[in-house]
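What follows is a single structure, written as structure tokens, with notes after it.
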Amino acid sequence: MNNATKPLEEIIQELPPNLKIEVKAFVESLLNKSQQRPKRKLRQDWAGKLKAETYTSVDLQHLANDWRSS
């Protein structure tokens, strides 16, 4: 039976002890990564905050160029 058809547990059992430790650490890091991001609603409280600004896109381009050159 080739490794593609073996269950994961059997494949891991065939590994030498030092590689089993690496596999365990990798799986634990995957678990931590999947649990770190809490689901939360997207905040949009920033919407409309720039209405008071009177810059045009061209004005902003000129300002950005000035900032880069200084």
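Please note that chains go A, B, ... in the order of the structure tokens, that every chain numbers its residues from 1, and that ligands are numbered from 1 in the order shown.
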
Test item, alpha helix (DSSP H) assignment across chain A, answer as a ChimeraX atom specification: /A:8-13,17-36,57-69

Identify, on the basis of only C-alpha atoms, every residue whose closest approach to range 1-10 of chain A does not exceed 12 Å; exclude the query and any residue fewer than 2 positions from it along the same chain; express the result as an mmCIF file with N, CA, C and O atoms, in the first residue's frame.
data_model
loop_
_atom_site.group_PDB
_atom_site.id
_atom_site.type_symbol
_atom_site.label_atom_id
_atom_site.label_comp_id
_atom_site.auth_asym_id
_atom_site.auth_seq_id
_atom_site.Cartn_x
_atom_site.Cartn_y
_atom_site.Cartn_z
ATOM 1 N N ILE A 12 2.405 8.555 9.992
ATOM 2 C CA ILE A 12 3.147 9.177 11.093
ATOM 3 C C ILE A 12 3.864 8.121 11.922
ATOM 4 O O ILE A 12 5.004 8.331 12.357
ATOM 5 N N GLN A 13 3.247 6.979 12.131
ATOM 6 C CA GLN A 13 3.870 5.911 12.928
ATOM 7 C C GLN A 13 5.152 5.391 12.272
ATOM 8 O O GLN A 13 6.041 4.905 12.963
ATOM 9 N N GLU A 14 5.259 5.522 10.959
ATOM 10 C CA GLU A 14 6.451 5.056 10.248
ATOM 11 C C GLU A 14 7.622 6.034 10.339
ATOM 12 O O GLU A 14 8.746 5.686 9.992
ATOM 13 N N LEU A 15 7.356 7.246 10.800
ATOM 14 C CA LEU A 15 8.412 8.253 10.891
ATOM 15 C C LEU A 15 9.359 7.969 12.056
ATOM 16 O O LEU A 15 8.946 7.404 13.069
ATOM 17 N N LYS A 20 8.647 12.748 14.138
ATOM 18 C CA LYS A 20 7.342 12.757 14.820
ATOM 19 C C LYS A 20 7.206 14.019 15.670
ATOM 20 O O LYS A 20 6.132 14.618 15.737
ATOM 21 N N VAL A 23 6.398 16.846 13.314
ATOM 22 C CA VAL A 23 5.006 16.759 12.858
ATOM 23 C C VAL A 23 4.071 17.260 13.955
ATOM 24 O O VAL A 23 3.141 18.027 13.695
ATOM 25 N N LYS A 24 4.333 16.852 15.185
ATOM 26 C CA LYS A 24 3.499 17.279 16.300
ATOM 27 C C LYS A 24 3.537 18.799 16.453
ATOM 28 O O LYS A 24 2.503 19.446 16.625
#
